file start_21.cif (mmCIF, C-alpha atoms and all ligand atoms)
data_start
loop_
_atom_site.label_atom_id
_atom_site.label_comp_id
_atom_site.auth_asym_id
_atom_site.auth_seq_id
_atom_site.Cartn_x
_atom_site.Cartn_y
_atom_site.Cartn_z
CA MET A 17 3.95 58.66 74.10
CA SER A 18 4.33 55.02 73.14
CA ARG A 19 5.75 53.29 70.07
CA VAL A 20 6.44 49.79 68.80
CA THR A 21 10.04 49.16 67.80
CA LEU A 22 11.83 46.35 65.96
CA ALA A 23 13.49 44.37 68.72
CA ARG A 24 15.13 41.79 66.43
CA ARG A 25 14.91 40.65 62.83
CA PRO A 26 12.44 37.77 62.38
CA LYS A 27 13.43 34.39 61.06
CA GLY A 28 10.52 33.40 58.81
CA ALA A 29 7.15 34.40 60.23
CA PRO A 30 7.39 37.21 62.83
CA VAL A 31 6.71 36.42 66.49
CA PRO A 32 5.76 38.80 69.35
CA GLU A 33 9.37 38.84 70.66
CA ASP A 34 10.47 40.57 67.42
CA PHE A 35 8.66 43.72 68.62
CA LYS A 36 8.98 45.93 71.70
CA LEU A 37 6.50 48.43 73.13
CA GLU A 38 8.39 51.47 74.44
CA THR A 39 7.34 54.68 76.13
CA GLY A 40 8.98 58.10 75.88
CA THR A 41 8.37 61.82 75.99
CA LEU A 42 6.10 63.63 73.59
CA PRO A 43 8.05 65.13 70.65
CA THR A 44 7.94 68.89 70.00
CA PRO A 45 7.24 70.08 66.46
CA ALA A 46 10.02 72.10 64.78
CA THR A 47 9.34 74.84 62.22
CA ASP A 48 7.14 73.50 59.38
CA GLU A 49 6.21 70.43 61.44
CA VAL A 50 2.96 69.19 62.91
CA LEU A 51 2.45 67.18 66.11
CA ILE A 52 -0.13 64.44 65.56
CA GLU A 53 -2.01 62.21 67.96
CA VAL A 54 -2.45 58.98 66.03
CA THR A 55 -5.98 57.57 66.08
CA HIS A 56 -5.68 54.79 63.46
CA LEU A 57 -2.65 52.84 62.29
CA SER A 58 -2.47 50.81 59.09
CA LEU A 59 -0.95 47.32 59.13
CA ASP A 60 0.22 46.19 55.69
CA PRO A 61 1.98 43.10 54.36
CA TYR A 62 4.90 45.20 52.99
CA MET A 63 6.01 45.84 56.59
CA ARG A 64 7.27 42.26 56.80
CA GLY A 65 9.89 43.14 54.17
CA ARG A 66 10.99 46.21 56.14
CA MET A 67 11.87 43.98 59.09
CA ASP A 68 14.61 42.23 57.06
CA ASP A 69 18.04 43.70 56.45
CA VAL A 70 18.00 43.21 52.68
CA LYS A 71 18.18 45.65 49.79
CA SER A 72 14.71 46.43 48.46
CA TYR A 73 12.78 49.33 46.98
CA ALA A 74 12.66 51.00 50.41
CA PRO A 75 15.02 51.04 53.43
CA SER A 76 14.69 48.49 56.26
CA VAL A 77 13.65 49.48 59.76
CA ASP A 78 16.75 49.77 61.95
CA LEU A 79 16.98 47.53 65.00
CA GLY A 80 15.46 49.56 67.83
CA GLY A 81 13.74 51.86 65.33
CA THR A 82 10.01 52.53 65.23
CA MET A 83 8.14 50.17 62.93
CA THR A 84 7.26 51.99 59.74
CA GLY A 85 3.62 52.59 58.86
CA GLN A 86 0.94 55.00 57.82
CA GLY A 87 -1.39 56.51 60.36
CA VAL A 88 -4.32 58.83 60.63
CA GLY A 89 -4.53 61.30 63.48
CA LEU A 90 -5.54 64.63 64.92
CA VAL A 91 -3.30 67.67 64.82
CA LEU A 92 -2.39 68.65 68.39
CA GLU A 93 -0.03 71.48 67.47
CA SER A 94 0.95 72.95 64.11
CA LYS A 95 4.01 74.95 63.08
CA ALA A 96 3.28 74.24 59.41
CA GLU A 97 1.25 76.43 57.11
CA GLY A 98 -2.13 75.02 56.14
CA PHE A 99 -2.60 72.84 59.24
CA ALA A 100 -4.42 73.75 62.43
CA LYS A 101 -5.17 72.08 65.75
CA GLY A 102 -8.04 69.62 65.32
CA ASP A 103 -7.43 68.82 61.64
CA THR A 104 -7.55 65.14 60.70
CA VAL A 105 -4.46 64.19 58.70
CA THR A 106 -2.65 61.14 57.36
CA GLY A 107 1.06 60.46 56.94
CA MET A 108 3.86 58.03 57.78
CA THR A 109 3.53 58.23 61.55
CA GLY A 110 5.02 54.81 62.25
CA TRP A 111 3.63 52.44 64.88
CA ALA A 112 3.36 55.20 67.47
CA SER A 113 0.81 57.09 69.52
CA HIS A 114 2.22 60.46 68.42
CA ALA A 115 4.40 61.72 65.58
CA CYS A 116 5.98 64.97 64.42
CA LEU A 117 5.98 65.23 60.64
CA PRO A 118 6.62 68.04 58.16
CA GLY A 119 3.42 69.53 56.76
CA SER A 120 4.70 68.69 53.26
CA GLU A 121 4.42 64.95 54.13
CA LEU A 122 0.85 65.15 55.43
CA ARG A 123 -2.53 65.15 53.72
CA LYS A 124 -5.64 66.65 55.25
CA LEU A 125 -8.64 64.32 55.13
CA ASP A 126 -12.17 64.96 53.92
CA PRO A 127 -14.16 65.08 57.20
CA SER A 128 -17.25 63.60 55.52
CA LEU A 129 -15.59 60.15 55.18
CA PRO A 130 -14.55 57.82 58.02
CA PRO A 131 -10.86 58.62 58.68
CA SER A 132 -9.81 54.96 58.56
CA THR A 133 -10.76 54.78 54.87
CA ALA A 134 -7.62 56.82 54.14
CA LEU A 135 -5.62 53.72 55.10
CA GLY A 136 -7.51 51.19 53.00
CA VAL A 137 -10.16 51.61 50.36
CA LEU A 138 -9.26 55.31 49.77
CA GLY A 139 -5.58 54.98 50.60
CA MET A 140 -2.49 53.16 49.44
CA PRO A 141 -4.10 49.69 49.01
CA GLY A 142 -7.10 51.07 47.10
CA LEU A 143 -4.81 53.10 44.86
CA THR A 144 -2.71 49.97 44.27
CA GLY A 145 -5.72 48.06 42.94
CA TRP A 146 -6.94 50.97 40.84
CA VAL A 147 -3.56 51.85 39.28
CA GLY A 148 -2.45 48.29 38.76
CA LEU A 149 -5.67 47.10 37.17
CA HIS A 150 -5.86 49.95 34.68
CA ASN A 151 -2.15 50.28 33.87
CA PHE A 152 -1.03 46.65 33.92
CA GLY A 153 -4.16 44.47 33.93
CA LYS A 154 -5.60 46.27 30.90
CA PRO A 155 -9.05 44.77 31.48
CA LYS A 156 -11.59 44.25 28.71
CA ALA A 157 -15.27 43.41 29.10
CA GLY A 158 -15.93 39.69 28.78
CA GLU A 159 -12.50 38.65 30.07
CA THR A 160 -11.88 36.58 33.20
CA LEU A 161 -9.86 37.82 36.17
CA VAL A 162 -8.54 35.80 39.11
CA VAL A 163 -7.26 37.48 42.28
CA GLY A 164 -5.90 36.07 45.54
CA ALA A 165 -6.32 37.68 49.01
CA ALA A 166 -9.62 38.72 47.43
CA THR A 167 -11.31 40.14 50.52
CA GLY A 168 -8.32 42.31 51.46
CA PRO A 169 -8.17 45.98 50.50
CA VAL A 170 -6.18 45.42 47.30
CA GLY A 171 -8.00 42.29 46.09
CA SER A 172 -11.47 43.62 46.84
CA MET A 173 -10.74 46.85 44.95
CA VAL A 174 -9.42 44.88 41.95
CA GLY A 175 -12.44 42.58 41.94
CA GLN A 176 -15.01 45.36 42.20
CA LEU A 177 -13.40 47.52 39.51
CA ALA A 178 -13.07 44.55 37.17
CA LYS A 179 -16.71 43.59 37.74
CA GLU A 180 -17.79 47.16 37.01
CA LEU A 181 -15.88 46.89 33.70
CA GLY A 182 -17.76 43.72 32.71
CA LEU A 183 -15.22 41.02 33.53
CA ARG A 184 -15.93 37.65 35.08
CA THR A 185 -14.30 37.84 38.50
CA ILE A 186 -13.00 34.89 40.51
CA ALA A 187 -11.88 35.32 44.09
CA ILE A 188 -9.32 33.14 45.82
CA ALA A 189 -9.74 33.52 49.56
CA GLY A 190 -8.95 31.65 52.76
CA GLY A 191 -11.96 29.94 54.32
CA ALA A 192 -15.70 29.66 53.74
CA GLU A 193 -16.56 32.96 55.43
CA LYS A 194 -14.15 34.97 53.27
CA CYS A 195 -15.53 33.20 50.18
CA ARG A 196 -19.05 34.21 51.20
CA LEU A 197 -17.94 37.83 51.68
CA ALA A 198 -16.19 37.76 48.30
CA THR A 199 -19.39 36.96 46.43
CA GLU A 200 -21.98 38.67 48.67
CA THR A 201 -20.13 41.85 49.66
CA PHE A 202 -17.69 42.32 46.79
CA GLY A 203 -19.75 40.86 43.94
CA PHE A 204 -17.28 38.24 42.71
CA ASP A 205 -18.87 35.74 40.31
CA ALA A 206 -17.17 32.83 42.07
CA ALA A 207 -14.98 32.31 45.13
CA ILE A 208 -12.59 29.46 45.84
CA ASP A 209 -11.17 28.60 49.24
CA HIS A 210 -7.46 27.97 48.63
CA ARG A 211 -7.07 26.54 52.13
CA ALA A 212 -9.48 23.72 51.25
CA HIS A 213 -7.06 22.39 48.61
CA ASP A 214 -4.03 20.33 49.57
CA ASP A 215 -2.10 20.87 46.36
CA ALA A 216 -1.91 23.13 43.33
CA ALA A 217 -3.49 20.54 41.02
CA SER A 218 -6.64 20.34 43.10
CA LEU A 219 -6.86 24.13 43.38
CA ARG A 220 -6.28 24.39 39.62
CA ALA A 221 -9.21 22.07 38.91
CA ALA A 222 -11.49 24.29 41.00
CA ILE A 223 -10.31 27.46 39.27
CA ALA A 224 -10.66 25.82 35.84
CA GLU A 225 -14.26 24.94 36.63
CA ALA A 226 -14.99 28.56 37.59
CA ALA A 227 -13.10 29.88 34.55
CA PRO A 228 -14.15 27.64 31.66
CA GLY A 229 -12.74 30.10 29.10
CA GLY A 230 -9.35 30.32 30.83
CA VAL A 231 -7.83 33.26 32.71
CA ASP A 232 -7.01 36.57 31.01
CA ILE A 233 -5.80 38.48 34.06
CA TYR A 234 -4.21 36.89 37.09
CA TRP A 235 -3.71 39.58 39.70
CA GLU A 236 -0.76 38.35 41.71
CA ASN A 237 -1.16 39.16 45.40
CA VAL A 238 -0.03 35.91 46.93
CA ALA A 239 2.18 33.64 44.72
CA GLY A 240 2.85 30.17 46.23
CA GLN A 241 0.32 27.47 45.48
CA VAL A 242 -2.18 29.92 43.94
CA LEU A 243 0.33 31.05 41.30
CA GLU A 244 1.26 27.47 40.57
CA ALA A 245 -2.41 26.60 40.13
CA VAL A 246 -3.31 29.52 37.87
CA MET A 247 -0.29 29.66 35.54
CA PRO A 248 -1.31 26.75 33.25
CA LEU A 249 -4.80 28.28 32.93
CA MET A 250 -3.58 31.58 31.50
CA ASN A 251 -4.86 32.50 28.05
CA VAL A 252 -2.60 33.69 25.23
CA HIS A 253 -1.79 37.42 25.69
CA GLY A 254 -2.88 37.22 29.33
CA ARG A 255 -1.67 39.80 31.84
CA ILE A 256 -0.20 39.26 35.30
CA PRO A 257 0.18 42.42 37.39
CA VAL A 258 2.67 41.29 40.04
CA CYS A 259 1.56 43.22 43.10
CA GLY A 260 2.61 40.98 46.00
CA MET A 261 3.71 37.46 46.93
CA ILE A 262 2.66 37.10 50.54
CA ALA A 263 2.95 33.28 50.55
CA TRP A 264 6.70 33.75 50.13
CA TYR A 265 7.28 36.70 52.49
CA GLY A 266 9.79 35.62 55.08
CA GLY A 267 11.27 33.03 52.75
CA SER A 268 8.90 30.19 53.60
CA ASN A 269 7.34 27.76 51.10
CA ILE A 270 9.75 28.71 48.33
CA ALA A 271 11.46 25.39 47.60
CA GLU A 272 8.24 23.50 47.07
CA THR A 273 7.08 25.91 44.38
CA ASN A 274 10.35 26.45 42.54
CA GLN A 275 9.10 25.73 39.05
CA LEU A 276 10.94 28.46 37.23
CA PRO A 277 11.53 26.71 33.86
CA GLY A 278 7.83 25.83 33.50
CA MET A 279 6.75 29.32 34.49
CA TRP A 280 9.21 30.92 32.11
CA ARG A 281 8.02 28.70 29.28
CA SER A 282 4.38 29.70 29.92
CA ILE A 283 5.34 33.38 29.70
CA LEU A 284 7.00 32.76 26.33
CA VAL A 285 4.53 30.38 24.74
CA LYS A 286 1.46 32.30 25.87
CA ARG A 287 3.04 35.73 25.25
CA LEU A 288 2.10 36.82 28.78
CA HIS A 289 2.63 40.34 30.04
CA VAL A 290 4.03 40.02 33.55
CA SER A 291 4.37 43.46 35.12
CA GLY A 292 5.88 44.01 38.52
CA PHE A 293 4.92 47.35 40.01
CA ILE A 294 5.39 49.29 43.24
CA ILE A 295 2.74 51.80 44.10
CA PHE A 296 5.25 54.44 45.24
CA ASP A 297 6.01 55.07 41.53
CA HIS A 298 2.38 56.01 40.95
CA TRP A 299 1.50 58.57 43.64
CA ASP A 300 0.91 61.17 40.94
CA GLU A 301 -2.26 59.22 40.07
CA PHE A 302 -3.65 59.60 43.60
CA PRO A 303 -5.86 62.66 42.85
CA ALA A 304 -7.44 60.91 39.83
CA PHE A 305 -8.00 57.77 41.91
CA LEU A 306 -9.64 59.72 44.71
CA ALA A 307 -11.84 61.68 42.29
CA ASP A 308 -13.04 58.41 40.74
CA VAL A 309 -13.38 56.16 43.78
CA ALA A 310 -14.27 58.42 46.76
CA PRO A 311 -17.76 59.27 45.42
CA LYS A 312 -18.39 55.56 44.77
CA VAL A 313 -17.39 54.70 48.33
CA ALA A 314 -19.58 57.50 49.70
CA LYS A 315 -22.55 56.15 47.70
CA GLY A 316 -21.88 52.55 48.73
CA GLU A 317 -21.07 51.49 45.15
CA ILE A 318 -17.66 50.27 46.25
CA ALA A 319 -17.76 48.17 49.39
CA TYR A 320 -14.96 47.77 51.90
CA LEU A 321 -14.29 45.78 55.04
CA GLU A 322 -12.10 46.75 57.97
CA ASP A 323 -10.71 44.55 60.73
CA VAL A 324 -9.97 46.73 63.73
CA ALA A 325 -7.60 45.76 66.55
CA GLU A 326 -7.77 47.90 69.68
CA GLY A 327 -4.65 49.51 71.18
CA LEU A 328 -1.08 50.00 69.95
CA GLU A 329 0.10 47.19 72.22
CA ASN A 330 -1.96 44.78 70.10
CA ALA A 331 -0.41 45.88 66.78
CA PRO A 332 2.27 43.12 66.71
CA ASN A 333 -0.25 40.30 67.21
CA ALA A 334 -2.65 41.78 64.65
CA PHE A 335 0.22 42.07 62.17
CA ILE A 336 1.40 38.51 62.80
CA ALA A 337 -2.16 37.24 62.30
CA MET A 338 -2.70 39.27 59.12
CA LEU A 339 0.28 37.67 57.41
CA LYS A 340 -1.40 34.29 57.99
CA GLY A 341 -4.86 35.41 56.83
CA GLY A 342 -6.25 36.21 60.29
CA ASN A 343 -7.67 39.52 59.08
CA THR A 344 -11.02 39.98 57.35
CA GLY A 345 -10.65 43.18 55.36
CA LYS A 346 -8.21 46.03 55.80
CA GLN A 347 -6.25 45.54 59.04
CA ILE A 348 -6.30 48.66 61.17
CA VAL A 349 -5.28 49.38 64.73
CA LYS A 350 -7.42 51.88 66.62
CA LEU A 351 -5.42 53.73 69.24
P1 LIG A 401 -4.61 41.62 52.88
O1 LIG A 401 -5.32 42.50 53.85
O2 LIG A 401 -5.42 40.93 51.86
O3 LIG A 401 -3.82 40.58 53.79
C1 LIG A 401 -3.06 39.59 53.32
C2 LIG A 401 -3.88 38.34 52.94
O4 LIG A 401 -3.03 37.48 52.21
C3 LIG A 401 -4.35 37.49 54.09
O5 LIG A 401 -5.51 37.98 54.71
C4 LIG A 401 -4.58 36.16 53.42
O6 LIG A 401 -5.88 36.14 52.87
C5 LIG A 401 -3.61 36.19 52.23
N1 LIG A 401 -2.57 35.17 52.37
C6 LIG A 401 -1.66 35.05 53.37
N2 LIG A 401 -0.88 33.96 53.16
C7 LIG A 401 -1.34 33.39 52.01
C8 LIG A 401 -0.94 32.24 51.27
N3 LIG A 401 0.06 31.45 51.66
N4 LIG A 401 -1.62 31.95 50.13
C9 LIG A 401 -2.64 32.72 49.72
N5 LIG A 401 -3.06 33.84 50.37
C10 LIG A 401 -2.40 34.15 51.51
O7 LIG A 401 -3.44 42.43 52.15
P2 LIG A 401 -3.45 43.69 51.16
O8 LIG A 401 -4.71 43.75 50.38
O9 LIG A 401 -3.02 44.88 51.92
O10 LIG A 401 -2.24 43.30 50.17
C11 LIG A 401 -2.39 42.27 49.23
C12 LIG A 401 -1.05 42.06 48.50
O11 LIG A 401 -0.71 43.24 47.80
C13 LIG A 401 0.11 41.75 49.45
O12 LIG A 401 0.93 40.79 48.85
C14 LIG A 401 0.84 43.09 49.52
O13 LIG A 401 2.20 42.94 49.85
C15 LIG A 401 0.63 43.61 48.11
N6 LIG A 401 0.76 45.05 47.96
C16 LIG A 401 1.62 45.50 47.01
C17 LIG A 401 1.76 46.83 46.73
C18 LIG A 401 2.67 47.27 45.63
O14 LIG A 401 3.01 48.45 45.56
N7 LIG A 401 3.09 46.37 44.74
C19 LIG A 401 1.03 47.83 47.52
C20 LIG A 401 0.08 47.26 48.48
C21 LIG A 401 -0.02 45.91 48.69
P3 LIG A 401 -6.74 34.76 52.74
O15 LIG A 401 -7.12 34.42 54.14
O16 LIG A 401 -7.87 35.14 51.87
O17 LIG A 401 -5.83 33.75 52.17
#

call {"tool": "encode", "arguments": {"input": "start_21.cif", "output": "structure tokens", "more": "lines below"}}
Ligand code: NDP
result
Amino acid sequence: MSRVTLARRPKGAPVPEDFKLETGTLPTPATDEVLIEVTHLSLDPYMRGRMDDVKSYAPSVDLGGTMTGQGVGLVLESKAEGFAKGDTVTGMTGWASHACLPGSELRKLDPSLPPSTALGVLGMPGLTGWVGLHNFGKPKAGETLVVGAATGPVGSMVGQLAKELGLRTIAIAGGAEKCRLATETFGFDAAIDHRAHDDAASLRAAIAEAAPGGVDIYWENVAGQVLEAVMPLMNVHGRIPVCGMIAWYGGSNIAETNQLPGMWRSILVKRLHVSGFIIFDHWDEFPAFLADVAPKVAKGEIAYLEDVAEGLENAPNAFIAMLKGGNTGKQIVKL
């Protein structure tokens, strides 16, 4: 079997030398465990945080340890009740070709849907958009929503659900092609290329033009210049579900956007509801999410994009690129 381990902790943006591809012997499942051959691995922005040795909502990856991650795979051998050879399952396999996991930590997948959807549109990122929009965005028809990383699995779910509920939806995305996908594939009313703006003021002017009535919901995926641009455009009683802050992962770009007193004042004066949330607190909503969204995906009413890298050995480069916007849609590695 092969696996990708954390060779050293990155300084800022990760580089290939921070990872190591290792080979070893195939694990043997113990009682109640299942041996899985991984077919698809999910790459997610949160993994950058796991590479640092800092206290967070989840433990760091140890040096030399397998990079954490969710995979989809085929059961090769089962010693757990309810699982049989040939089943397609998903669980926290790590960046590895094979994994042994307890049956209690695995979910069998509906064979009528492409297995990779369990990692994106019908998995953790899709659930994040669904839970966060309903619980913390509190959308109302006629309102305006702005979301960054809008063609990714979280942003595209948020945008499509908000549109379905009758909101005006504005995508912030990197580059002309992603902006085209935002409006044509995901139905956003407008799309703005944040990379085409040198500073927050210029980006703000573009967003203001697309949102003449101000912004009621800013879905925070990215922070940085986008946050700085949107904050003054927030309407009174606006909501900001704080989902991610990818522009600041790795500690870069923080000094230039340290405008805490102004931000804090906006929250007070505009009575904003700023709600940080971590999806792991909301897994109990997964069945309701799946019941609502899976039929819409099957009917093509909710669109999704996947960016597929080939081979476990290419996972580090795909991950490094994704953090910089190199992915178009949910980043997956096909093994
Ligand atoms: P994406 O697949 O959308 O990938 C990340 C995207 O972030 C890139 O493609 C890029 O898009 C954008 N990006 C990178 N750097 C910047 C920057 N400096 N400014 C603006 N945009 C940038 O990711 P996901 O949909 O999987 O995740 C989106 C966010 O949600 C992340 O912050 C993630 O950490 C967070 N998240 C939080 C969860 C929670 O429980 N709170 C759960 C899941 C995800 P572009 O090229 O368009 O700029």

call {"tool": "closest_residue", "arguments": {"input": "start_21.cif", "among": "A:Gly65, A:Pro30, A:Gly316, A:Gly158", "to": "Ile233 (chain A)", "atoms": "all atoms listed in the file"}}
result
A:Gly158

call {"tool": "closest_residue", "arguments": {"input": "start_21.cif", "among": "A:Met140, A:Val50, A:Val313, A:Leu284", "to": "Phe99 (chain A)", "atoms": "only C-alpha atoms"}}
result
A:Val50

call {"tool": "residues_near_ligand", "arguments": {"input": "start_21.cif", "ligand": "ligand LIG 401 (chain A)", "cutoff": "7 Å", "atoms": "only C-alpha atoms and all ligand atoms", "output": "JSON, numbers by chain"}}
result
{"A": [60, 61, 62, 140, 141, 144, 164, 165, 166, 167, 168, 169, 170, 171, 188, 189, 190, 191, 194, 210, 237, 238, 239, 240, 241, 242, 258, 259, 260, 261, 262, 263, 293, 294, 295, 296, 338, 339, 340, 341, 342, 343, 344, 345, 346, 347]}

call {"tool": "residues_around", "arguments": {"input": "start_21.cif", "residues": "Thr104 (chain A)", "least_positions_apart": "2", "cutoff": "7 Å", "atoms": "all atoms listed in the file", "output": "count of residues only"}}
result
6

call {"tool": "closest_residue", "arguments": {"input": "start_21.cif", "among": "A:Leu117, A:Ile318, A:Leu219, A:Leu351", "to": "Leu177 (chain A)", "atoms": "all atoms listed in the file"}}
result
A:Ile318

call {"tool": "residues_around", "arguments": {"input": "start_21.cif", "residues": "region 225-227 of chain A", "least_positions_apart": "3", "cutoff": "8 Å", "atoms": "all atoms listed in the file", "output": "PyMOL selection string"}}
result
chain A and resi 160+186+206+221-222+230-231

call {"tool": "closest_residue", "arguments": {"input": "start_21.cif", "among": "A:Phe305, A:Phe204, A:Trp146, A:Tyr265", "to": "Met63 (chain A)", "atoms": "all atoms listed in the file"}}
result
A:Tyr265

call {"tool": "closest_residue", "arguments": {"input": "start_21.cif", "among": "A:Ala29, A:Glu200, A:Pro155, A:Ala224", "to": "Glu180 (chain A)", "atoms": "all atoms listed in the file"}}
result
A:Pro155

call {"tool": "closest_residue", "arguments": {"input": "start_21.cif", "among": "A:Ser58, A:Ser172, A:Asn151, A:Thr199", "to": "Pro131 (chain A)", "atoms": "all atoms listed in the file"}}
result
A:Ser58

call {"tool": "residues_around", "arguments": {"input": "start_21.cif", "residues": "Gly107 (chain A)", "least_positions_apart": "4", "cutoff": "7 Å", "atoms": "all atoms listed in the file", "output": "list in words"}}
result
Gln86, Gly87, Val88, Glu121, Leu122 and Arg123 of chain A

call {"tool": "atom_distance", "arguments": {"input": "start_21.cif", "atom1": "CA of Arg281 (chain A)", "atom2": "CA of Ala207 (chain A)"}}
result
28.2 Å

call {"tool": "residues_around", "arguments": {"input": "start_21.cif", "residues": "Pro32 (chain A)", "least_positions_apart": "5", "cutoff": "8 Å", "atoms": "only C-alpha atoms", "output": "PyMOL selection string"}}
result
chain A and resi 332-333+336

call {"tool": "residues_near_point", "arguments": {"input": "start_21.cif", "point": "(1.6, 39.8, 32.9)", "cutoff": "7 Å", "atoms": "all atoms listed in the file", "output": "list in words"}}
result
Gly254, Arg255, Ile256, Pro257, Leu288, His289, Val290 and Ser291 of chain A

call {"tool": "atom_distance", "arguments": {"input": "start_21.cif", "atom1": "CA of Trp111 (chain A)", "atom2": "CA of Thr82 (chain A)"}}
result
6.4 Å

call {"tool": "atom_distance", "arguments": {"input": "start_21.cif", "atom1": "CA of Leu143 (chain A)", "atom2": "CA of Lys286 (chain A)"}}
result
28.9 Å

call {"tool": "decode", "arguments": {"input": "start_21.cif", "residues": "region 173-190 of chain A", "atoms": "C-alpha atoms", "output": "mmCIF file, in the first residue's frame"}}
result
data_model
loop_
_atom_site.group_PDB
_atom_site.id
_atom_site.type_symbol
_atom_site.label_atom_id
_atom_site.label_comp_id
_atom_site.auth_asym_id
_atom_site.auth_seq_id
_atom_site.Cartn_x
_atom_site.Cartn_y
_atom_site.Cartn_z
ATOM 1 C CA MET A 173 -24.040 24.898 -2.730
ATOM 2 C CA VAL A 174 -24.668 28.153 -0.837
ATOM 3 C CA GLY A 175 -25.308 30.071 -4.056
ATOM 4 C CA GLN A 176 -27.689 27.513 -5.526
ATOM 5 C CA LEU A 177 -29.707 27.077 -2.327
ATOM 6 C CA ALA A 178 -29.964 30.836 -1.864
ATOM 7 C CA LYS A 179 -31.094 31.292 -5.472
ATOM 8 C CA GLU A 180 -33.729 28.600 -5.011
ATOM 9 C CA LEU A 181 -35.002 30.577 -1.991
ATOM 10 C CA GLY A 182 -35.368 33.765 -4.054
ATOM 11 C CA LEU A 183 -32.256 35.704 -3.073
ATOM 12 C CA ARG A 184 -30.071 37.773 -5.351
ATOM 13 C CA THR A 185 -26.788 35.872 -5.457
ATOM 14 C CA ILE A 186 -23.365 37.377 -6.122
ATOM 15 C CA ALA A 187 -20.339 35.174 -6.664
ATOM 16 C CA ILE A 188 -16.775 36.205 -5.918
ATOM 17 C CA ALA A 189 -14.449 33.930 -7.850
ATOM 18 C CA GLY A 190 -10.892 33.890 -9.166
#
